[in-house]
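Student: Okay, so here is input_1.cif, and as you'll see once you scroll down, it has mmCIF, C-alpha atoms and all ligand atoms; chains and numbers go by the auth columns.
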```cif
data_upload
#
loop_
_atom_site.group_PDB
_atom_site.id
_atom_site.type_symbol
_atom_site.label_atom_id
_atom_site.label_comp_id
_atom_site.label_asym_id
_atom_site.label_seq_id
_atom_site.Cartn_x
_atom_site.Cartn_y
_atom_site.Cartn_z
_atom_site.B_iso_or_equiv
_atom_site.auth_seq_id
_atom_site.auth_asym_id
ATOM 1 C CA MET A 1 268.599 170.952 153.265 0.00 1 M
ATOM 2 C CA ASP A 2 266.642 173.061 150.777 0.00 2 M
ATOM 3 C CA LEU A 3 264.539 170.625 148.780 0.00 3 M
ATOM 4 C CA SER A 4 262.153 171.750 146.036 0.00 4 M
ATOM 5 C CA ARG A 5 259.142 169.590 145.091 0.00 5 M
ATOM 6 C CA ARG A 6 260.879 168.615 141.826 0.00 6 M
ATOM 7 C CA SER A 7 264.163 167.673 143.576 0.00 7 M
ATOM 8 C CA PHE A 8 262.187 165.658 146.148 0.00 8 M
ATOM 9 C CA PHE A 9 260.562 163.487 143.431 0.00 9 M
ATOM 10 C CA LYS A 10 263.926 163.062 141.680 0.00 10 M
ATOM 11 C CA LEU A 11 265.516 161.918 144.935 0.00 11 M
ATOM 12 C CA VAL A 12 262.685 159.462 145.745 0.00 12 M
ATOM 13 C CA GLY A 13 262.804 158.049 142.187 0.00 13 M
ATOM 14 C CA THR A 14 266.572 157.562 142.302 0.00 14 M
ATOM 15 C CA THR A 15 266.453 155.922 145.750 0.00 15 M
ATOM 16 C CA THR A 16 263.677 153.536 144.715 0.00 16 M
ATOM 17 C CA ALA A 17 265.441 152.577 141.475 0.00 17 M
ATOM 18 C CA THR A 18 268.725 151.985 143.322 0.00 18 M
ATOM 19 C CA ALA A 19 266.998 149.801 145.940 0.00 19 M
ATOM 20 C CA SER A 20 265.362 147.748 143.171 0.00 20 M
ATOM 21 C CA LEU A 21 268.652 147.284 141.319 0.00 21 M
ATOM 22 C CA VAL A 22 270.474 146.219 144.483 0.00 22 M
ATOM 23 C CA GLY A 23 267.679 143.685 145.114 0.00 23 M
ATOM 24 C CA VAL A 24 268.363 141.910 141.814 0.00 24 M
ATOM 25 C CA GLY A 25 272.119 142.291 142.099 0.00 25 M
ATOM 26 C CA ALA A 26 272.586 144.919 139.363 0.00 26 M
ATOM 27 C CA CYS A 27 274.530 147.093 141.817 0.00 27 M
ATOM 28 C CA LYS A 28 277.352 145.488 143.735 0.00 28 M
ATOM 29 C CA ALA A 29 276.339 146.919 147.119 0.00 29 M
ATOM 30 C CA PRO A 30 277.651 145.435 150.386 0.00 30 M
ATOM 31 C CA LEU A 31 275.135 143.256 152.229 0.00 31 M
ATOM 32 C CA ALA A 32 272.830 145.200 154.539 0.00 32 M
ATOM 33 C CA SER A 33 273.007 144.018 158.152 0.00 33 M
ATOM 34 C CA GLY A 34 269.684 142.068 157.856 0.00 34 M
ATOM 35 C CA GLU A 35 270.946 140.194 154.803 0.00 35 M
ATOM 36 C CA ALA A 36 274.312 139.547 156.463 0.00 36 M
ATOM 37 C CA LEU A 37 272.492 137.987 159.439 0.00 37 M
ATOM 38 C CA ARG A 38 270.380 135.850 157.137 0.00 38 M
ATOM 39 C CA VAL A 39 273.416 134.269 155.481 0.00 39 M
ATOM 40 C CA ARG A 40 275.350 133.716 158.729 0.00 40 M
ATOM 41 C CA TYR A 41 276.250 130.048 159.420 0.00 41 M
ATOM 42 C CA THR A 42 275.148 128.987 155.943 0.00 42 M
ATOM 43 C CA LYS A 43 276.857 126.929 153.286 0.00 43 M
ATOM 44 C CA GLU A 44 277.398 128.604 149.896 0.00 44 M
ATOM 45 C CA VAL A 45 276.228 126.459 147.000 0.00 45 M
ATOM 46 C CA HIS A 46 276.994 127.582 143.439 0.00 46 M
ATOM 47 C CA THR A 47 274.391 126.500 140.921 0.00 47 M
ATOM 48 C CA THR A 48 272.513 127.573 137.785 0.00 48 M
ATOM 49 C CA CYS A 49 269.067 129.181 137.671 0.00 49 M
ATOM 50 C CA THR A 50 266.603 126.824 135.990 0.00 50 M
ATOM 51 C CA PHE A 51 263.784 129.293 135.335 0.00 51 M
ATOM 52 C CA CYS A 52 264.755 130.060 131.756 0.00 52 M
ATOM 53 C CA GLY A 53 267.316 129.270 129.105 0.00 53 M
ATOM 54 C CA VAL A 54 269.631 132.217 129.919 0.00 54 M
ATOM 55 C CA GLY A 55 271.403 130.056 132.518 0.00 55 M
ATOM 56 C CA CYS A 56 272.412 132.691 135.089 0.00 56 M
ATOM 57 C CA GLY A 57 274.820 131.671 137.848 0.00 57 M
ATOM 58 C CA LEU A 58 273.410 131.621 141.380 0.00 58 M
ATOM 59 C CA ILE A 59 274.930 131.490 144.829 0.00 59 M
ATOM 60 C CA CYS A 60 272.485 129.854 147.234 0.00 60 M
ATOM 61 C CA HIS A 61 272.982 130.105 150.993 0.00 61 M
ATOM 62 C CA VAL A 62 271.788 126.888 152.609 0.00 62 M
ATOM 63 C CA ARG A 63 271.218 126.241 156.292 0.00 63 M
ATOM 64 C CA ASP A 64 270.007 122.821 157.515 0.00 64 M
ATOM 65 C CA GLY A 65 268.981 121.863 153.973 0.00 65 M
ATOM 66 C CA VAL A 66 266.904 125.047 153.471 0.00 66 M
ATOM 67 C CA ILE A 67 267.791 127.825 150.992 0.00 67 M
ATOM 68 C CA VAL A 68 267.651 130.997 153.061 0.00 68 M
ATOM 69 C CA ASN A 69 269.076 133.370 150.459 0.00 69 M
ATOM 70 C CA ALA A 70 269.969 133.433 146.747 0.00 70 M
ATOM 71 C CA GLU A 71 272.093 135.956 144.868 0.00 71 M
ATOM 72 C CA GLY A 72 273.552 136.366 141.406 0.00 72 M
ATOM 73 C CA ASP A 73 277.059 134.957 141.140 0.00 73 M
ATOM 74 C CA PRO A 74 279.441 137.897 140.406 0.00 74 M
ATOM 75 C CA GLY A 75 282.008 135.451 138.975 0.00 75 M
ATOM 76 C CA HIS A 76 279.593 133.938 136.465 0.00 76 M
ATOM 77 C CA PRO A 77 280.270 135.018 132.848 0.00 77 M
ATOM 78 C CA ILE A 78 276.576 135.153 131.864 0.00 78 M
ATOM 79 C CA ASN A 79 274.994 137.330 134.531 0.00 79 M
ATOM 80 C CA GLU A 80 278.036 138.775 136.384 0.00 80 M
ATOM 81 C CA GLY A 81 276.132 138.950 139.666 0.00 81 M
ATOM 82 C CA THR A 82 272.736 140.113 138.378 0.00 82 M
ATOM 83 C CA LEU A 83 269.415 138.251 138.515 0.00 83 M
ATOM 84 C CA CYS A 84 265.981 139.005 137.111 0.00 84 M
ATOM 85 C CA SER A 85 263.001 139.037 139.476 0.00 85 M
ATOM 86 C CA LYS A 86 262.321 135.319 138.899 0.00 86 M
ATOM 87 C CA GLY A 87 265.885 134.331 139.724 0.00 87 M
ATOM 88 C CA ALA A 88 265.925 136.603 142.781 0.00 88 M
ATOM 89 C CA SER A 89 262.813 134.866 144.158 0.00 89 M
ATOM 90 C CA HIS A 90 264.430 131.409 144.335 0.00 90 M
ATOM 91 C CA TYR A 91 264.672 131.144 148.093 0.00 91 M
ATOM 92 C CA ASN A 92 260.966 131.953 148.541 0.00 92 M
ATOM 93 C CA MET A 93 259.735 129.172 146.286 0.00 93 M
ATOM 94 C CA SER A 94 259.723 126.382 148.850 0.00 94 M
ATOM 95 C CA TYR A 95 259.879 128.333 152.108 0.00 95 M
ATOM 96 C CA VAL A 96 258.713 131.593 153.559 0.00 96 M
ATOM 97 C CA PHE A 97 260.221 133.033 156.711 0.00 97 M
ATOM 98 C CA ASP A 98 258.343 133.990 159.854 0.00 98 M
ATOM 99 C CA ARG A 99 259.150 137.167 161.807 0.00 99 M
ATOM 100 C CA HIS A 100 261.913 135.308 163.674 0.00 100 M
ATOM 101 C CA GLY A 101 263.522 134.300 160.371 0.00 101 M
ATOM 102 C CA ARG A 102 262.503 130.649 160.738 0.00 102 M
ATOM 103 C CA PRO A 103 261.629 128.842 157.476 0.00 103 M
ATOM 104 C CA GLN A 104 258.070 127.588 157.036 0.00 104 M
ATOM 105 C CA PRO A 105 256.805 125.615 154.010 0.00 105 M
ATOM 106 C CA ASN A 106 255.400 128.091 151.492 0.00 106 M
ATOM 107 C CA PRO A 107 251.607 127.605 151.614 0.00 107 M
ATOM 108 C CA LYS A 108 251.288 128.894 148.024 0.00 108 M
ATOM 109 C CA ARG A 109 253.491 126.171 146.570 0.00 109 M
ATOM 110 C CA LEU A 110 251.536 123.588 144.605 0.00 110 M
ATOM 111 C CA THR A 111 252.589 120.052 145.451 0.00 111 M
ATOM 112 C CA LYS A 112 249.674 118.099 143.927 0.00 112 M
ATOM 113 C CA PRO A 113 248.085 118.160 140.471 0.00 113 M
ATOM 114 C CA LEU A 114 244.905 120.235 140.235 0.00 114 M
ATOM 115 C CA TYR A 115 242.193 119.038 137.854 0.00 115 M
ATOM 116 C CA ARG A 116 239.220 120.974 136.514 0.00 116 M
ATOM 117 C CA ALA A 117 236.692 118.657 134.921 0.00 117 M
ATOM 118 C CA PRO A 118 234.966 119.781 131.684 0.00 118 M
ATOM 119 C CA GLY A 119 232.147 122.204 132.567 0.00 119 M
ATOM 120 C CA SER A 120 233.249 122.529 136.198 0.00 120 M
ATOM 121 C CA ASP A 121 234.047 125.878 137.797 0.00 121 M
ATOM 122 C CA LYS A 122 236.508 124.547 140.377 0.00 122 M
ATOM 123 C CA TYR A 123 239.744 122.617 140.657 0.00 123 M
ATOM 124 C CA GLU A 124 240.079 119.391 142.634 0.00 124 M
ATOM 125 C CA GLU A 125 243.270 117.816 143.960 0.00 125 M
ATOM 126 C CA LYS A 126 244.342 114.548 142.323 0.00 126 M
ATOM 127 C CA ASP A 127 247.253 112.238 142.971 0.00 127 M
ATOM 128 C CA TRP A 128 250.134 111.908 140.517 0.00 128 M
ATOM 129 C CA GLU A 129 249.233 108.345 139.523 0.00 129 M
ATOM 130 C CA TRP A 130 245.761 109.413 138.395 0.00 130 M
ATOM 131 C CA ALA A 131 247.098 112.526 136.587 0.00 131 M
ATOM 132 C CA LEU A 132 249.833 110.669 134.677 0.00 132 M
ATOM 133 C CA ALA A 133 247.452 107.883 133.592 0.00 133 M
ATOM 134 C CA GLU A 134 244.881 110.460 132.452 0.00 134 M
ATOM 135 C CA ILE A 135 247.467 112.476 130.481 0.00 135 M
ATOM 136 C CA ALA A 136 248.862 109.321 128.828 0.00 136 M
ATOM 137 C CA ALA A 137 245.360 108.142 127.814 0.00 137 M
ATOM 138 C CA LYS A 138 244.464 111.545 126.335 0.00 138 M
ATOM 139 C CA ILE A 139 247.740 111.778 124.383 0.00 139 M
ATOM 140 C CA LYS A 140 247.248 108.278 122.955 0.00 140 M
ATOM 141 C CA ASP A 141 243.619 108.948 122.041 0.00 141 M
ATOM 142 C CA THR A 142 244.415 112.324 120.396 0.00 142 M
ATOM 143 C CA ARG A 143 247.346 110.877 118.455 0.00 143 M
ATOM 144 C CA ASP A 144 245.431 107.822 117.233 0.00 144 M
ATOM 145 C CA ARG A 145 242.403 109.845 116.117 0.00 145 M
ATOM 146 C CA ASN A 146 244.541 112.376 114.209 0.00 146 M
ATOM 147 C CA PHE A 147 247.433 110.324 112.877 0.00 147 M
ATOM 148 C CA GLU A 148 248.266 110.865 109.194 0.00 148 M
ATOM 149 C CA GLU A 149 250.270 108.194 107.426 0.00 149 M
ATOM 150 C CA THR A 150 250.405 110.029 104.116 0.00 150 M
ATOM 151 C CA ALA A 151 249.915 113.548 102.794 0.00 151 M
ATOM 152 C CA THR A 152 249.532 114.866 99.265 0.00 152 M
ATOM 153 C CA VAL A 153 252.503 116.898 98.063 0.00 153 M
ATOM 154 C CA ASP A 154 252.525 118.207 94.469 0.00 154 M
ATOM 155 C CA GLY A 155 249.721 115.773 93.615 0.00 155 M
ATOM 156 C CA ARG A 156 251.642 112.773 94.981 0.00 156 M
ATOM 157 C CA ALA A 157 250.954 110.788 98.143 0.00 157 M
ATOM 158 C CA VAL A 158 254.052 110.824 100.383 0.00 158 M
ATOM 159 C CA THR A 159 254.606 109.051 103.698 0.00 159 M
ATOM 160 C CA VAL A 160 254.567 111.512 106.647 0.00 160 M
ATOM 161 C CA ASN A 161 253.565 109.449 109.748 0.00 161 M
ATOM 162 C CA ARG A 162 252.666 112.538 111.811 0.00 162 M
ATOM 163 C CA THR A 163 250.021 114.143 113.948 0.00 163 M
ATOM 164 C CA LYS A 164 249.343 117.867 113.880 0.00 164 M
ATOM 165 C CA ALA A 165 246.900 117.628 116.801 0.00 165 M
ATOM 166 C CA ILE A 166 249.553 117.741 119.541 0.00 166 M
ATOM 167 C CA SER A 167 252.179 120.383 120.311 0.00 167 M
ATOM 168 C CA TRP A 168 255.066 119.633 122.653 0.00 168 M
ATOM 169 C CA LEU A 169 256.703 122.253 124.868 0.00 169 M
ATOM 170 C CA GLY A 170 260.035 121.467 126.555 0.00 170 M
ATOM 171 C CA SER A 171 261.133 123.029 129.812 0.00 171 M
ATOM 172 C CA ALA A 172 264.141 124.993 131.050 0.00 172 M
ATOM 173 C CA PHE A 173 263.638 123.157 134.347 0.00 173 M
ATOM 174 C CA CYS A 174 264.837 119.948 132.685 0.00 174 M
ATOM 175 C CA THR A 175 268.391 118.977 131.845 0.00 175 M
ATOM 176 C CA CYS A 176 269.691 118.776 128.258 0.00 176 M
ATOM 177 C CA GLU A 177 269.490 114.978 128.514 0.00 177 M
ATOM 178 C CA GLU A 178 265.857 115.042 129.675 0.00 178 M
ATOM 179 C CA ASN A 179 264.902 117.447 126.895 0.00 179 M
ATOM 180 C CA TYR A 180 266.729 115.202 124.408 0.00 180 M
ATOM 181 C CA LEU A 181 264.598 112.251 125.577 0.00 181 M
ATOM 182 C CA PHE A 182 261.374 114.315 125.443 0.00 182 M
ATOM 183 C CA HIS A 183 262.263 115.286 121.897 0.00 183 M
ATOM 184 C CA LYS A 184 262.856 111.666 120.887 0.00 184 M
ATOM 185 C CA MET A 185 259.583 110.566 122.481 0.00 185 M
ATOM 186 C CA ALA A 186 257.605 113.317 120.721 0.00 186 M
ATOM 187 C CA ARG A 187 259.186 112.451 117.359 0.00 187 M
ATOM 188 C CA ALA A 188 258.447 108.752 117.911 0.00 188 M
ATOM 189 C CA MET A 189 254.769 109.605 118.404 0.00 189 M
ATOM 190 C CA GLY A 190 254.730 111.630 115.187 0.00 190 M
ATOM 191 C CA VAL A 191 254.539 115.045 116.890 0.00 191 M
ATOM 192 C CA ILE A 192 256.079 117.680 114.632 0.00 192 M
ATOM 193 C CA GLN A 193 255.307 120.869 116.583 0.00 193 M
ATOM 194 C CA ILE A 194 258.049 120.888 119.217 0.00 194 M
ATOM 195 C CA ASP A 195 259.302 123.986 120.997 0.00 195 M
ATOM 196 C CA HIS A 196 260.900 125.106 124.237 0.00 196 M
ATOM 197 C CA CYS A 197 259.773 127.579 126.891 0.00 197 M
ATOM 198 C CA ALA A 198 263.109 129.436 126.773 0.00 198 M
ATOM 199 C CA ARG A 199 262.178 130.787 123.309 0.00 199 M
ATOM 200 C CA LEU A 200 258.960 132.394 124.514 0.00 200 M
HETATM 201 S S1 LIG B . 265.005 133.368 134.980 0.00 301 K
HETATM 202 FE FE1 LIG B . 266.158 135.263 135.225 0.00 301 K
HETATM 203 S S2 LIG B . 267.802 134.774 136.672 0.00 301 K
HETATM 204 FE FE2 LIG B . 266.976 132.807 135.905 0.00 301 K
HETATM 205 S S3 LIG B . 268.270 132.264 134.142 0.00 301 K
HETATM 206 FE FE3 LIG B . 266.503 133.421 133.340 0.00 301 K
HETATM 207 S S4 LIG B . 267.205 135.592 133.249 0.00 301 K
HETATM 208 FE FE4 LIG B . 268.621 134.450 134.608 0.00 301 K
#
```
Could you write out this structure as structure tokens?
Ligand code: SF4
Tutor:
Amino acid sequence: MDLSRRSFFKLVGTTTATASLVGVGACKAPLASGEALRVRYTKEVHTTCTFCGVGCGLICHVRDGVIVNAEGDPGHPINEGTLCSKGASHYNMSYVFDRHGRPQPNPKRLTKPLYRAPGSDKYEEKDWEWALAEIAAKIKDTRDRNFEETATVDGRAVTVNRTKAISWLGSAFCTCEENYLFHKMARAMGVIQIDHCARL
């Protein structure tokens, strides 16, 4: 094959781009033999990606309670089989696979709260009970110190019952019902700056 320098770079670029697109499901390529082996003897579970508000459909391959593979669902009307890089990384969140393909807990996954004290240059592990109590105390203190019962509008005092010292960010990891409850709780505390990570 007669290959000029220019044609060589074009070929490498095209091959790399195609491999990347297949990886996130943009091209409907048949499974390579390694992938086919990985999904053998697994159960297919159809679900929705929770990383952002797009709501792409996922097919997870599960063996012995462990996700060993995740792909875009070609029958899903939103993503039609594609996934972004976050969605495509689902099966590596909790587990990584050794050279024999056996799942091992992902050592990079955080399972405990990390706390950096004011002025400190390092994080320390805390338990959930401590973290939740600390967060609750700080929210209450911030709200109480900055609560406004009234504000002046057009020279008149009007009731506002709000705090502008706290902002609340919802999560695409939560269900609609959970986000509804978060919203109610924030409003009840007088928080008026409420947003959601899917808008960012
Ligand atoms: S994170 Fe990516 S794959 Fe998941 S829903 Fe959003 S766009 Fe889809």
Student: To one decimal place in Å, what is the distance between atom CA of Asn161 of chain M and atom CA of Phe147 of chain M?
Tutor: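 Spanning atom CA of Asn161 of chain M to atom CA of Phe147 of chain M is a straight-line distance of 6.9 Å.
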Student: Calculated over all atoms listed in the file, which of the candidates M:Glu134, M:Asp73, M:Glu44, M:Glu148 has the smallest distance to ligand LIG 301 (chain K)?
Tutor: M:Asp73
Student: From the set M:Cys84, M:Leu132, M:Val62, M:Val158, which residue has the shortest atom-to-atom contact distance to ligand LIG 301 (chain K), counting all atoms listed in the file?
Tutor: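 So, comparing all the options, the nearest one is M:Cys84.
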Student: List as number ranges by chain the residues having at least one atom at most 9 Å from position (273.7, 125.0, 143.2) as given in the file, counting all atoms listed in the file.
Tutor: M: 44-49, 57-60
Student: Nearest to ligand LIG 301 (chain K): which of M:Asn69, M:Thr150, M:Asn106, M:Asn79 is it, counting all atoms listed in the file?
Tutor: M:Asn79
Student: Counting all atoms listed in the file, which protein, DNA or RNA residues come within 12 Å of ligand LIG 301 (chain K), given as JSON, numbers by chain?
Tutor: {"M": [24, 25, 26, 47, 48, 49, 50, 51, 52, 53, 54, 55, 56, 57, 58, 59, 70, 71, 72, 73, 76, 77, 78, 79, 80, 81, 82, 83, 84, 85, 86, 87, 88, 89, 90, 172, 173, 197, 198, 199, 200]}
Student: What separation in Å, quoted to one decimal, exists between atom CA of Arg143 of chain M and atom CA of Thr159 of chain M?
Tutor: 16.5 Å
Student: Report as JSON, numbers by chain the full result of the PyMOL selection byres (((chain M and resi 111) around 12) and not hetatm) when it is applied to this structure.
Tutor: {"M": [93, 94, 105, 106, 107, 108, 109, 110, 112, 113, 114, 125, 126, 127, 128]}
Student: Provide the atom CA of Cys176 of chain M to atom CA of Val68 of chain M distance in Å, to one decimal place.
Tutor: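 Distance reported for this atom pair: 27.7 Å.
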Student: Could you tell me which of M:Pro103, M:Met189, M:Val96, M:Tyr91 comes closest to Ala136 of chain M if we count all atoms listed in the file?
Tutor: M:Met189
Student: Which residues match the PyMOL selection byres (((chain M and resi 192) around 8) and not hetatm) in the file above, as a VMD selection string?
Tutor: chain M and resid 162 to 164 167 186 to 187 190 to 191 193 to 194
Student: Edge lengths and centre, in Å to one decimal, as JSON: that's what I need for the box along x, y and z that holds all listed atoms of segment 82-90 of chain M plus 5 Å on each side.
Tutor:
```
{"center_x": 267.5, "center_y": 135.8, "center_z": 140.7, "size_x": 20.4, "size_y": 18.7, "size_z": 17.2}
```
